[in-house]
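Trainee: TSV, C-alpha atoms (C1' of nucleotides), file data-v8.tsv:
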chain	number	residue	atom	x	y	z
A	1	MET	CA	-56.55	-35.79	-9.72
A	2	PRO	CA	-57.07	-35.71	-13.48
A	3	PRO	CA	-56.27	-32.44	-15.22
A	4	LYS	CA	-59.25	-30.19	-15.64
A	5	LEU	CA	-60.61	-30.19	-19.14
A	6	PRO	CA	-60.99	-26.76	-20.67
A	7	SER	CA	-64.65	-25.85	-20.79
A	8	PRO	CA	-65.91	-25.59	-24.36
A	9	HIS	CA	-67.18	-22.17	-23.60
A	10	ARG	CA	-66.70	-20.17	-20.51
A	11	PRO	CA	-69.05	-17.61	-19.09
A	12	ARG	CA	-67.31	-14.28	-19.05
A	13	THR	CA	-67.91	-13.94	-15.36
A	14	LEU	CA	-67.46	-17.10	-13.37
A	15	VAL	CA	-68.52	-16.05	-9.92
A	16	PRO	CA	-71.35	-13.96	-8.55
A	17	ILE	CA	-70.45	-10.48	-7.44
A	18	PRO	CA	-70.44	-11.03	-3.70
A	19	ARG	CA	-71.25	-8.80	-0.83
A	20	VAL	CA	-68.02	-8.90	1.12
A	21	GLY	CA	-68.59	-8.63	4.84
A	22	GLY	CA	-67.02	-5.78	6.75
A	23	LEU	CA	-66.41	-3.79	3.61
A	24	ASP	CA	-67.56	-0.23	3.05
A	25	TYR	CA	-69.38	0.00	-0.26
A	26	ASP	CA	-69.79	3.72	-0.01
A	27	VAL	CA	-71.93	5.11	-2.79
A	28	LEU	CA	-72.30	1.82	-4.63
A	29	ASP	CA	-75.22	0.80	-2.47
A	30	ARG	CA	-77.25	3.69	-3.76
A	31	LEU	CA	-76.58	3.15	-7.45
A	32	ILE	CA	-79.17	1.34	-9.50
A	33	GLY	CA	-76.48	0.60	-12.04
A	34	TYR	CA	-74.49	-1.37	-9.49
A	35	ALA	CA	-77.47	-3.35	-8.19
A	36	LEU	CA	-78.42	-4.02	-11.78
A	37	ARG	CA	-75.00	-5.39	-12.53
A	38	ARG	CA	-75.04	-7.71	-9.53
A	39	ALA	CA	-78.47	-9.02	-10.34
A	40	GLN	CA	-77.55	-9.49	-13.96
A	41	VAL	CA	-74.46	-11.52	-13.16
A	42	ALA	CA	-76.53	-13.71	-10.85
A	43	MET	CA	-79.12	-14.33	-13.52
A	44	PHE	CA	-76.42	-14.89	-16.10
A	45	LEU	CA	-74.80	-17.59	-14.02
A	46	ALA	CA	-78.17	-19.25	-13.61
A	47	PHE	CA	-78.58	-19.10	-17.36
A	48	HIS	CA	-75.22	-20.67	-17.89
A	49	GLU	CA	-76.05	-23.40	-15.44
A	50	ALA	CA	-79.34	-24.14	-17.16
A	51	THR	CA	-77.74	-24.44	-20.58
A	52	ARG	CA	-74.72	-26.41	-19.46
A	53	GLY	CA	-73.31	-28.48	-22.30
A	54	LEU	CA	-75.33	-26.70	-24.97
A	55	GLU	CA	-72.65	-24.11	-25.73
A	56	ILE	CA	-75.27	-21.43	-25.57
A	57	THR	CA	-74.73	-17.83	-24.54
A	58	PRO	CA	-77.38	-15.17	-24.00
A	59	PRO	CA	-76.86	-13.58	-27.43
A	60	ARG	CA	-77.06	-16.98	-29.10
A	61	PHE	CA	-80.20	-17.80	-27.19
A	62	THR	CA	-81.83	-14.51	-28.08
A	63	ALA	CA	-80.83	-14.87	-31.72
A	64	LEU	CA	-82.22	-18.36	-32.04
A	65	VAL	CA	-85.49	-17.43	-30.36
A	66	VAL	CA	-85.86	-14.39	-32.59
A	67	ILE	CA	-85.09	-16.34	-35.76
A	68	GLY	CA	-87.55	-18.99	-34.72
A	69	ALA	CA	-90.30	-16.48	-34.09
A	70	ASN	CA	-89.48	-14.38	-37.15
A	71	PRO	CA	-88.40	-16.67	-39.96
A	72	GLY	CA	-86.82	-14.91	-42.91
A	73	ILE	CA	-85.36	-12.13	-40.77
A	74	SER	CA	-82.21	-10.57	-42.22
A	75	GLN	CA	-78.80	-10.56	-40.57
A	76	THR	CA	-78.85	-6.80	-40.29
A	77	THR	CA	-82.16	-6.82	-38.45
A	78	LEU	CA	-80.91	-9.58	-36.22
A	79	GLY	CA	-77.91	-7.45	-35.37
A	80	ASN	CA	-80.18	-4.53	-34.54
A	81	VAL	CA	-82.30	-6.64	-32.25
A	82	LEU	CA	-79.23	-7.79	-30.38
A	83	GLY	CA	-77.61	-4.38	-30.39
A	84	ILE	CA	-74.49	-5.63	-32.17
A	85	ALA	CA	-72.79	-4.77	-35.45
A	86	ARG	CA	-73.59	-6.61	-38.66
A	87	SER	CA	-70.27	-8.41	-38.56
A	88	GLY	CA	-71.26	-9.85	-35.23
A	89	ALA	CA	-74.60	-11.02	-36.53
A	90	MET	CA	-72.77	-12.71	-39.31
A	91	ALA	CA	-70.42	-14.54	-36.96
A	92	LEU	CA	-73.45	-15.73	-35.02
A	93	THR	CA	-75.13	-16.94	-38.20
A	94	ASP	CA	-71.99	-18.78	-39.25
A	95	TRP	CA	-71.92	-20.47	-35.89
A	96	PHE	CA	-75.53	-21.57	-36.22
A	97	GLU	CA	-75.01	-22.87	-39.73
A	98	GLY	CA	-71.89	-24.71	-38.65
A	99	ARG	CA	-74.02	-26.64	-36.18
A	100	GLY	CA	-76.98	-27.12	-38.45
A	101	LEU	CA	-79.27	-25.07	-36.25
A	102	ALA	CA	-80.16	-22.34	-38.72
A	103	GLU	CA	-79.55	-21.60	-42.36
A	104	ARG	CA	-79.49	-18.79	-44.89
A	105	ARG	CA	-82.04	-18.97	-47.62
A	106	ALA	CA	-82.31	-16.74	-50.65
A	107	LYS	CA	-84.74	-13.93	-50.08
A	108	PRO	CA	-87.26	-13.37	-52.86
A	109	GLY	CA	-87.15	-9.79	-54.06
A	110	ASP	CA	-83.77	-8.85	-52.62
A	111	ALA	CA	-80.61	-10.50	-53.85
A	112	ARG	CA	-78.46	-8.75	-51.28
A	113	ALA	CA	-80.00	-10.07	-48.11
A	114	TRP	CA	-80.39	-13.58	-46.83
A	115	GLY	CA	-83.41	-14.75	-44.94
A	116	LEU	CA	-82.59	-16.67	-41.77
A	117	HIS	CA	-84.50	-19.81	-40.86
A	118	LEU	CA	-84.20	-22.51	-38.25
A	119	THR	CA	-83.54	-26.00	-39.51
A	120	SER	CA	-85.76	-28.72	-38.13
A	121	ARG	CA	-82.92	-29.66	-35.86
A	122	GLY	CA	-82.76	-26.03	-34.84
A	123	GLU	CA	-86.46	-26.03	-34.05
A	124	ARG	CA	-86.09	-28.93	-31.68
A	125	PHE	CA	-83.00	-27.41	-30.14
A	126	VAL	CA	-84.68	-24.07	-29.54
A	127	ALA	CA	-87.74	-25.69	-28.01
A	128	ARG	CA	-85.57	-27.59	-25.54
A	129	MET	CA	-83.54	-24.49	-24.79
A	130	LYS	CA	-86.57	-22.36	-24.14
A	131	THR	CA	-87.95	-24.86	-21.69
A	132	LYS	CA	-84.74	-24.98	-19.75
A	133	VAL	CA	-84.07	-21.27	-19.75
A	134	VAL	CA	-87.60	-20.31	-18.79
A	135	ALA	CA	-87.61	-22.87	-16.00
A	136	GLU	CA	-84.31	-21.60	-14.66
A	137	ASP	CA	-85.41	-17.97	-14.90
A	138	ARG	CA	-88.50	-18.84	-12.88
A	139	ARG	CA	-86.53	-20.86	-10.39
A	140	ARG	CA	-84.01	-18.12	-9.86
A	141	ALA	CA	-86.73	-15.50	-9.54
A	142	ALA	CA	-88.56	-17.63	-7.02
A	143	VAL	CA	-87.11	-15.51	-4.23
A	144	LEU	CA	-89.65	-12.97	-5.40
A	145	SER	CA	-93.39	-13.25	-5.11
A	146	ARG	CA	-95.41	-13.36	-8.28
A	147	ARG	CA	-96.42	-9.78	-7.70
A	148	GLU	CA	-92.83	-8.70	-7.15
A	149	ARG	CA	-91.71	-10.43	-10.31
A	150	GLU	CA	-94.30	-8.60	-12.38
A	151	GLU	CA	-93.35	-5.34	-10.75
A	152	LEU	CA	-89.66	-5.95	-11.41
A	153	LEU	CA	-90.31	-6.68	-15.08
A	154	ARG	CA	-92.33	-3.51	-15.38
A	155	LEU	CA	-89.69	-1.35	-13.71
A	156	LEU	CA	-86.87	-2.83	-15.76
A	157	ASN	CA	-88.67	-2.27	-19.03
A	158	LYS	CA	-89.43	1.27	-17.99
A	159	LEU	CA	-85.77	1.81	-17.22
A	160	ALA	CA	-84.60	0.27	-20.46
A	161	GLY	CA	-86.69	2.81	-22.30
R	1	MET	CA	-65.42	15.34	-42.92
R	2	PRO	CA	-62.35	14.77	-40.74
R	3	PRO	CA	-61.46	11.17	-39.95
R	4	LYS	CA	-62.97	9.95	-36.73
R	5	LEU	CA	-60.48	9.70	-33.92
R	6	PRO	CA	-60.37	6.35	-32.23
R	7	SER	CA	-62.03	6.62	-28.87
R	8	PRO	CA	-59.55	6.05	-26.05
R	9	HIS	CA	-61.83	3.44	-24.67
R	10	ARG	CA	-64.96	2.09	-26.12
R	11	PRO	CA	-67.95	0.77	-24.26
R	12	ARG	CA	-68.39	-2.85	-25.20
R	13	THR	CA	-71.90	-2.17	-26.33
R	14	LEU	CA	-72.41	1.03	-28.22
R	15	VAL	CA	-76.15	1.08	-28.68
R	16	PRO	CA	-79.09	0.34	-26.44
R	17	ILE	CA	-80.84	-2.95	-27.02
R	18	PRO	CA	-83.87	-1.69	-28.88
R	19	ARG	CA	-87.39	-2.89	-29.05
R	20	VAL	CA	-87.81	-3.47	-32.76
R	21	GLY	CA	-91.34	-2.79	-33.93
R	22	GLY	CA	-93.31	-5.55	-35.59
R	23	LEU	CA	-91.01	-8.23	-34.27
R	24	ASP	CA	-92.13	-11.25	-32.29
R	25	TYR	CA	-90.05	-11.51	-29.13
R	26	ASP	CA	-91.65	-14.78	-28.15
R	27	VAL	CA	-90.53	-15.91	-24.73
R	28	LEU	CA	-88.01	-13.12	-24.24
R	29	ASP	CA	-90.66	-10.78	-22.92
R	30	ARG	CA	-91.28	-13.04	-19.98
R	31	LEU	CA	-87.67	-13.51	-18.97
R	32	ILE	CA	-86.32	-11.42	-16.16
R	33	GLY	CA	-82.84	-12.13	-17.45
R	34	TYR	CA	-83.62	-10.43	-20.75
R	35	ALA	CA	-85.23	-7.38	-19.20
R	36	LEU	CA	-82.30	-7.16	-16.83
R	37	ARG	CA	-79.88	-7.18	-19.70
R	38	ARG	CA	-81.72	-4.42	-21.54
R	39	ALA	CA	-81.90	-2.25	-18.46
R	40	GLN	CA	-78.29	-2.87	-17.69
R	41	VAL	CA	-77.13	-1.83	-21.13
R	42	ALA	CA	-79.19	1.33	-20.87
R	43	MET	CA	-77.67	2.21	-17.51
R	44	PHE	CA	-74.23	1.31	-18.75
R	45	LEU	CA	-74.51	3.70	-21.67
R	46	ALA	CA	-75.62	6.42	-19.29
R	47	PHE	CA	-72.59	5.65	-17.15
R	48	HIS	CA	-70.32	5.88	-20.13
R	49	GLU	CA	-71.88	9.18	-21.10
R	50	ALA	CA	-71.42	10.59	-17.61
R	51	THR	CA	-67.74	9.64	-17.45
R	52	ARG	CA	-66.89	10.71	-20.98
R	53	GLY	CA	-63.23	11.56	-21.29
R	54	LEU	CA	-62.30	10.05	-17.95
R	55	GLU	CA	-61.45	6.63	-19.38
R	56	ILE	CA	-63.49	5.05	-16.66
R	57	THR	CA	-65.35	1.75	-16.88
R	58	PRO	CA	-67.71	0.28	-14.30
R	59	PRO	CA	-65.08	-2.06	-12.84
R	60	ARG	CA	-62.61	0.80	-12.59
R	61	PHE	CA	-65.21	2.97	-10.92
R	62	THR	CA	-66.14	0.27	-8.45
R	63	ALA	CA	-62.51	-0.46	-7.69
R	64	LEU	CA	-61.62	3.17	-7.04
R	65	VAL	CA	-64.64	3.70	-4.82
R	66	VAL	CA	-63.85	0.56	-2.84
R	67	ILE	CA	-60.19	1.47	-2.44
R	68	GLY	CA	-61.17	4.94	-1.32
R	69	ALA	CA	-63.60	3.63	1.27
R	70	ASN	CA	-61.32	0.80	2.41
R	71	PRO	CA	-57.73	1.99	2.33
R	72	GLY	CA	-55.15	-0.76	2.69
R	73	ILE	CA	-57.33	-3.37	0.98
R	74	SER	CA	-55.37	-6.12	-0.76
R	75	GLN	CA	-55.49	-6.90	-4.45
R	76	THR	CA	-56.96	-10.31	-3.79
R	77	THR	CA	-59.83	-8.84	-1.78
R	78	LEU	CA	-60.38	-6.23	-4.45
R	79	GLY	CA	-60.63	-9.01	-7.00
R	80	ASN	CA	-63.18	-10.80	-4.85
R	81	VAL	CA	-65.29	-7.69	-4.51
R	82	LEU	CA	-65.34	-7.25	-8.27
R	83	GLY	CA	-65.80	-10.93	-8.95
R	84	ILE	CA	-62.65	-11.16	-11.08
R	85	ALA	CA	-59.43	-13.18	-10.86
R	86	ARG	CA	-56.39	-11.87	-9.04
R	87	SER	CA	-54.61	-11.26	-12.31
R	88	GLY	CA	-57.40	-8.91	-13.29
R	89	ALA	CA	-57.18	-7.01	-10.03
R	90	MET	CA	-53.51	-6.61	-10.69
R	91	ALA	CA	-54.05	-5.20	-14.17
R	92	LEU	CA	-56.50	-2.72	-12.67
R	93	THR	CA	-54.02	-1.72	-10.00
R	94	ASP	CA	-51.29	-1.24	-12.58
R	95	TRP	CA	-53.61	0.98	-14.55
R	96	PHE	CA	-54.38	3.10	-11.50
R	97	GLU	CA	-50.72	3.41	-10.58
R	98	GLY	CA	-49.84	4.32	-14.13
R	99	ARG	CA	-52.16	7.29	-13.84
R	100	GLY	CA	-51.20	8.25	-10.35
R	101	LEU	CA	-54.66	7.54	-8.96
R	102	ALA	CA	-53.76	4.79	-6.51
R	103	GLU	CA	-50.63	3.17	-5.20
R	104	ARG	CA	-49.35	0.04	-3.53
R	105	ARG	CA	-47.92	0.46	-0.08
R	106	ALA	CA	-46.13	-2.13	2.00
R	107	LYS	CA	-48.47	-3.81	4.42
R	108	PRO	CA	-47.21	-4.09	7.98
R	109	GLY	CA	-47.29	-7.68	9.16
R	110	ASP	CA	-47.53	-9.35	5.77
R	111	ALA	CA	-44.70	-9.09	3.26
R	112	ARG	CA	-46.69	-10.87	0.57
R	113	ALA	CA	-49.58	-8.51	0.17
R	114	TRP	CA	-49.72	-4.88	-0.81
R	115	GLY	CA	-52.13	-2.43	0.69
R	116	LEU	CA	-53.91	-0.28	-1.86
R	117	HIS	CA	-54.43	3.42	-1.28
R	118	LEU	CA	-55.69	6.36	-3.27
R	119	THR	CA	-53.21	9.12	-3.95
R	120	SER	CA	-54.36	12.64	-3.23
R	121	ARG	CA	-54.91	13.04	-6.94
R	122	GLY	CA	-56.93	9.84	-6.81
R	123	GLU	CA	-59.04	11.20	-3.98
R	124	ARG	CA	-59.99	14.25	-5.98
R	125	PHE	CA	-60.60	12.15	-9.06
R	126	VAL	CA	-62.88	9.74	-7.23
R	127	ALA	CA	-64.84	12.55	-5.64
R	128	ARG	CA	-65.50	14.09	-9.03
R	129	MET	CA	-66.38	10.73	-10.53
R	130	LYS	CA	-68.80	9.87	-7.76
R	131	THR	CA	-70.63	13.14	-8.21
R	132	LYS	CA	-71.02	12.61	-11.93
R	133	VAL	CA	-71.97	8.96	-11.76
R	134	VAL	CA	-74.50	9.42	-8.98
R	135	ALA	CA	-76.07	12.36	-10.77
R	136	GLU	CA	-76.35	10.39	-13.98
R	137	ASP	CA	-77.75	7.36	-12.20
R	138	ARG	CA	-80.40	9.57	-10.64
R	139	ARG	CA	-81.13	11.32	-13.89
R	140	ARG	CA	-81.52	8.07	-15.79
R	141	ALA	CA	-83.69	6.61	-13.05
R	142	ALA	CA	-85.88	9.68	-13.08
R	143	VAL	CA	-88.40	7.84	-15.23
R	144	LEU	CA	-89.23	6.09	-11.99
R	145	SER	CA	-90.85	7.64	-8.97
R	146	ARG	CA	-88.87	7.75	-5.75
R	147	ARG	CA	-90.95	4.91	-4.44
R	148	GLU	CA	-90.37	2.83	-7.56
R	149	ARG	CA	-86.64	3.42	-7.40
R	150	GLU	CA	-86.47	2.17	-3.84
R	151	GLU	CA	-88.56	-0.83	-4.76
R	152	LEU	CA	-86.35	-1.61	-7.74
R	153	LEU	CA	-83.22	-1.47	-5.62
R	154	ARG	CA	-84.80	-3.79	-3.10
R	155	LEU	CA	-85.89	-6.32	-5.70
R	156	LEU	CA	-82.54	-6.28	-7.48
R	157	ASN	CA	-80.63	-6.88	-4.28
R	158	LYS	CA	-82.98	-9.68	-3.39
R	159	LEU	CA	-82.38	-11.23	-6.79
R	160	ALA	CA	-78.62	-10.85	-6.59
R	161	GLY	CA	-78.67	-12.85	-3.38
C	1	DA	C1'	-79.26	5.07	-66.31
C	2	DC	C1'	-77.06	6.92	-62.51
C	3	DC	C1'	-75.88	7.41	-57.54
C	4	DG	C1'	-76.40	7.16	-52.75
C	5	DA	C1'	-77.87	3.71	-49.45
C	6	DT	C1'	-78.09	-1.02	-47.89
C	7	DT	C1'	-76.47	-5.90	-47.31
C	8	DG	C1'	-73.30	-9.33	-46.48
C	9	DT	C1'	-68.63	-10.26	-46.06
C	10	DT	C1'	-63.65	-10.26	-44.66
C	11	DA	C1'	-59.82	-8.72	-42.13
C	12	DT	C1'	-58.06	-6.42	-38.22
C	13	DA	C1'	-57.67	-4.67	-33.72
C	14	DG	C1'	-58.81	-3.87	-28.96
C	15	DA	C1'	-60.79	-4.80	-24.40
C	16	DC	C1'	-61.52	-7.91	-20.95
C	17	DC	C1'	-60.95	-11.86	-18.39
C	18	DA	C1'	-59.59	-16.70	-17.09
C	19	DT	C1'	-55.93	-20.11	-16.68
C	20	DT	C1'	-51.54	-21.66	-15.58
C	21	DA	C1'	-47.23	-21.58	-13.51
C	22	DC	C1'	-43.90	-19.56	-10.37
C	23	DA	C1'	-41.47	-17.37	-6.36
C	24	DA	C1'	-41.89	-15.29	-1.95
C	25	DT	C1'	-44.10	-15.40	2.27
C	26	DC	C1'	-47.11	-16.88	5.94
C	27	DG	C1'	-48.75	-19.89	9.64
C	28	DG	C1'	-50.05	-23.91	12.09
C	29	DG	C1'	-48.62	-28.63	13.69
C	30	DC	C1'	-45.04	-31.58	15.08
T	1	DG	C1'	-37.35	-24.38	15.24
T	2	DC	C1'	-38.65	-26.65	11.03
T	3	DC	C1'	-41.59	-28.24	7.50
T	4	DC	C1'	-45.51	-28.07	4.33
T	5	DG	C1'	-49.77	-26.56	2.63
T	6	DA	C1'	-52.04	-22.21	1.77
T	7	DT	C1'	-51.93	-17.45	0.26
T	8	DT	C1'	-50.23	-13.37	-2.34
T	9	DG	C1'	-48.65	-11.02	-6.19
T	10	DT	C1'	-46.92	-11.53	-10.69
T	11	DA	C1'	-46.07	-12.76	-15.68
T	12	DA	C1'	-47.24	-15.08	-19.84
T	13	DT	C1'	-50.75	-16.84	-22.71
T	14	DG	C1'	-55.05	-17.64	-24.86
T	15	DG	C1'	-59.99	-17.19	-25.85
T	16	DT	C1'	-64.13	-14.64	-26.57
T	17	DC	C1'	-66.64	-10.90	-27.88
T	18	DT	C1'	-67.31	-6.83	-30.41
T	19	DA	C1'	-66.33	-2.74	-33.07
T	20	DT	C1'	-64.18	-0.60	-37.22
T	21	DA	C1'	-62.93	-0.22	-41.84
T	22	DA	C1'	-63.03	-1.44	-46.47
T	23	DC	C1'	-65.11	-3.88	-50.36
T	24	DA	C1'	-68.36	-5.86	-53.95
T	25	DA	C1'	-73.02	-6.73	-55.14
T	26	DT	C1'	-77.48	-5.07	-55.17
T	27	DC	C1'	-81.35	-1.98	-54.49
T	28	DG	C1'	-84.29	2.06	-55.31
T	29	DG	C1'	-85.54	6.58	-56.17
T	30	DT	C1'	-84.75	10.56	-59.27
For this file, write the structure as structure tokens.
Mentor:
Amino acid sequence: MPPKLPSPHRPRTLVPIPRVGGLDYDVLDRLIGYALRRAQVAMFLAFHEATRGLEITPPRFTALVVIGANPGISQTTLGNVLGIARSGAMALTDWFEGRGLAERRAKPGDARAWGLHLTSRGERFVARMKTKVVAEDRRRAAVLSRREREELLRLLNKLAG
Amino acid sequence: MPPKLPSPHRPRTLVPIPRVGGLDYDVLDRLIGYALRRAQVAMFLAFHEATRGLEITPPRFTALVVIGANPGISQTTLGNVLGIARSGAMALTDWFEGRGLAERRAKPGDARAWGLHLTSRGERFVARMKTKVVAEDRRRAAVLSRREREELLRLLNKLAG
DNA sequence: ACCGATTGTTATAGACCATTACAATCGGGC
DNA sequence: GCCCGATTGTAATGGTCTATAACAATCGGT
């Protein structure tokens, strides 16, 4: 058997959080936080599956979508949207520029900040990504009825504040 | 102003994922995965708040609860429950032993595996933790009605598979 | 014109987790 | 009773993600 090639990027969690038979979960079964975590890992793995080979992670996906929908956005704002520090937003931006997906352009009226924009290659890439990710999200959520899905979205957003 | 002491352990995300006004979220608003992530971060921060000073993270909490409810469980099984590799389960166990919360005991009938058990100090610690975490989970979920909470739990578990 | 705030940047450190390799032990088939 | 593949715990290593701190350039209000 040939040696396994190292994956170019690895999801941080590789396996779903299982429900081990015959085990007492005690209070965990009553915690929304725990159920949330399990569901999130499941959806994350689906995401990773859908974007296989694209080297895309959830933060990268979110960032690209946000840049695409809000051209000229600053790195600081991008960081705020993602809930990460500015240095992290910068690392993301570097990564995008390194692959020709997005670029920094001078911002008229403020010489400190850059405005972020997708390249045309980035536009195509994001469009393809969105299709795949949305399809996978739908597919994974297909265990729920349309009504349940709407309800879940509503409850989650309420919870997120 | 006195220099800020380094926190003994830092949550990986320090701020909630906000909803930035005037921003176009494009397709993100329709993705369950994204809503899930936002809700999870919010609950995680609440968790971190509730366990302030205890140096407890969600995996540590889960592990201690599971050990408490299933004394004699092996490290490998613990890893499976958490969805992490054996080496990670071992690091957790070391951490617990280092603080006198849990211990490895020889397992009758299998000289390879250890059986994990809470110490009496661990028992008290877990009891206190459970109280705090459950209370905080309830408090945070109080934006939902009882009926909504039940429904959310059901939908999340369905999604997690 | 000055001064506090903001922006991007760099360097550094820490937490978390997987991978790999290894030794001891187990257990089923012969 | 012995052998061999599977399992368990362990140690060493590396990668990824993110925060923190410090810095220079720039902005903007007083």
Trainee: If I take atom CA of Arg128 of chain A and atom CA of Gln40 of chain A, how far is one from the other in Å, to one decimal?
Mentor: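 One can read the atom CA of Arg128 of chain A to atom CA of Gln40 of chain A distance as 22.9 Å.
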Trainee: Would you mind listing, for every residue of chain R within 12 Å of chain C, the two atoms forming the shortest contact and the distance between them in Å to one decimal, using only C-alpha atoms (C1' of nucleotides), sorted by chain and ascending residue number, as a tab-separated table?
Mentor:
residue	atom	partner	partner_atom	distance
R:Pro6	CA	C:DG14	C1'	10.8
R:Ser7	CA	C:DG14	C1'	11.0
R:Pro8	CA	C:DG14	C1'	10.4
R:His9	CA	C:DA15	C1'	8.3
R:Arg10	CA	C:DA15	C1'	8.2
R:Pro11	CA	C:DA15	C1'	9.1
R:Arg12	CA	C:DA15	C1'	7.9
R:Thr13	CA	C:DA15	C1'	11.6
R:Thr57	CA	C:DA15	C1'	11.0
R:Pro59	CA	C:DC16	C1'	10.6
R:Gly79	CA	C:DC17	C1'	11.7
R:Leu82	CA	C:DC17	C1'	12.0
R:Gly83	CA	C:DC17	C1'	10.7
R:Ile84	CA	C:DC17	C1'	7.5
R:Ala85	CA	C:DA18	C1'	7.2
R:Arg86	CA	C:DA18	C1'	9.9
R:Ser87	CA	C:DA18	C1'	8.8
R:Gly88	CA	C:DC17	C1'	6.9
R:Ala89	CA	C:DC17	C1'	10.4
R:Met90	CA	C:DC17	C1'	11.9
R:Ala91	CA	C:DC16	C1'	10.4
R:Leu92	CA	C:DC16	C1'	11.0
R:Gly109	CA	C:DC26	C1'	9.7
R:Asp110	CA	C:DC26	C1'	7.5
R:Ala111	CA	C:DT25	C1'	6.4
R:Arg112	CA	C:DT25	C1'	5.5
R:Ala113	CA	C:DT25	C1'	9.1
Trainee: Could you write out the selected residues, including C-alpha atoms, as a short mmCIF file (atom, residue, chain, number, x, y, z; two decimals), in the coordinates of the input?
Mentor:
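Dumped everything to part_17.cif:
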data_model
loop_
_atom_site.label_atom_id
_atom_site.label_comp_id
_atom_site.auth_asym_id
_atom_site.auth_seq_id
_atom_site.Cartn_x
_atom_site.Cartn_y
_atom_site.Cartn_z
CA PRO R 6 -60.37 6.35 -32.23
CA SER R 7 -62.03 6.62 -28.87
CA PRO R 8 -59.55 6.05 -26.05
CA HIS R 9 -61.83 3.44 -24.67
CA ARG R 10 -64.96 2.09 -26.12
CA PRO R 11 -67.95 0.77 -24.26
CA ARG R 12 -68.39 -2.85 -25.20
CA THR R 13 -71.90 -2.17 -26.33
CA THR R 57 -65.35 1.75 -16.88
CA PRO R 59 -65.08 -2.06 -12.84
CA GLY R 79 -60.63 -9.01 -7.00
CA LEU R 82 -65.34 -7.25 -8.27
CA GLY R 83 -65.80 -10.93 -8.95
CA ILE R 84 -62.65 -11.16 -11.08
CA ALA R 85 -59.43 -13.18 -10.86
CA ARG R 86 -56.39 -11.87 -9.04
CA SER R 87 -54.61 -11.26 -12.31
CA GLY R 88 -57.40 -8.91 -13.29
CA ALA R 89 -57.18 -7.01 -10.03
CA MET R 90 -53.51 -6.61 -10.69
CA ALA R 91 -54.05 -5.20 -14.17
CA LEU R 92 -56.50 -2.72 -12.67
CA GLY R 109 -47.29 -7.68 9.16
CA ASP R 110 -47.53 -9.35 5.77
CA ALA R 111 -44.70 -9.09 3.26
CA ARG R 112 -46.69 -10.87 0.57
CA ALA R 113 -49.58 -8.51 0.17
#
Trainee: Quick one: pull the distance between atom CA of Ile67 of chain R and atom CA of Ala102 of chain R, Å, one decimal.
Mentor: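 Here the two named atoms are 8.3 Å from each other.
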Trainee: Quick one: which residues from chain T are at most 10 Å off chain A, using all atoms listed in the file, as a list in words?
Mentor: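 Within 10 Å of chain A on chain T, we get DG15, DT16, DC17, DT18, DA19, DT20, DA25, DT26 and DC27 of chain T.
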Trainee: Please measure the separation of atom CA of Trp114 of chain R and atom CA of Trp95 of chain R, giving the value in Å to one decimal.
Mentor: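 Between atom CA of Trp114 of chain R and atom CA of Trp95 of chain R the gap works out to 15.4 Å.
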Trainee: Set the distance at 10 Å and use only C-alpha atoms (C1' of nucleotides): which residues neighbour Arg99 of chain R once local chain neighbours fewer than 5 positions away are removed? I'd like the list as a compact mmCIF listing (two decimals) with C-alpha atoms, keeping the file's coordinate frame.
Mentor:
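Output saved as around-v8.txt:
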# COMPACT_ATOMS: atom_id res chain seq x y z
CA THR R 93 -54.02 -1.72 -10.00
CA ASP R 94 -51.29 -1.24 -12.58
CA ARG R 121 -54.91 13.04 -6.94
CA GLY R 122 -56.93 9.84 -6.81
Trainee: Please determine an axis-aligned box that encloses all atoms of segment 5-14 of chain T listed in the file, with 4 Å added on each side, and express its centre and edge lengths in Å to one decimal as lines of an AutoDock Vina configuration file.
Mentor:
center_x = -50.6
center_y = -18.8
center_z = -11.1
size_x = 17.0
size_y = 23.5
size_z = 35.5
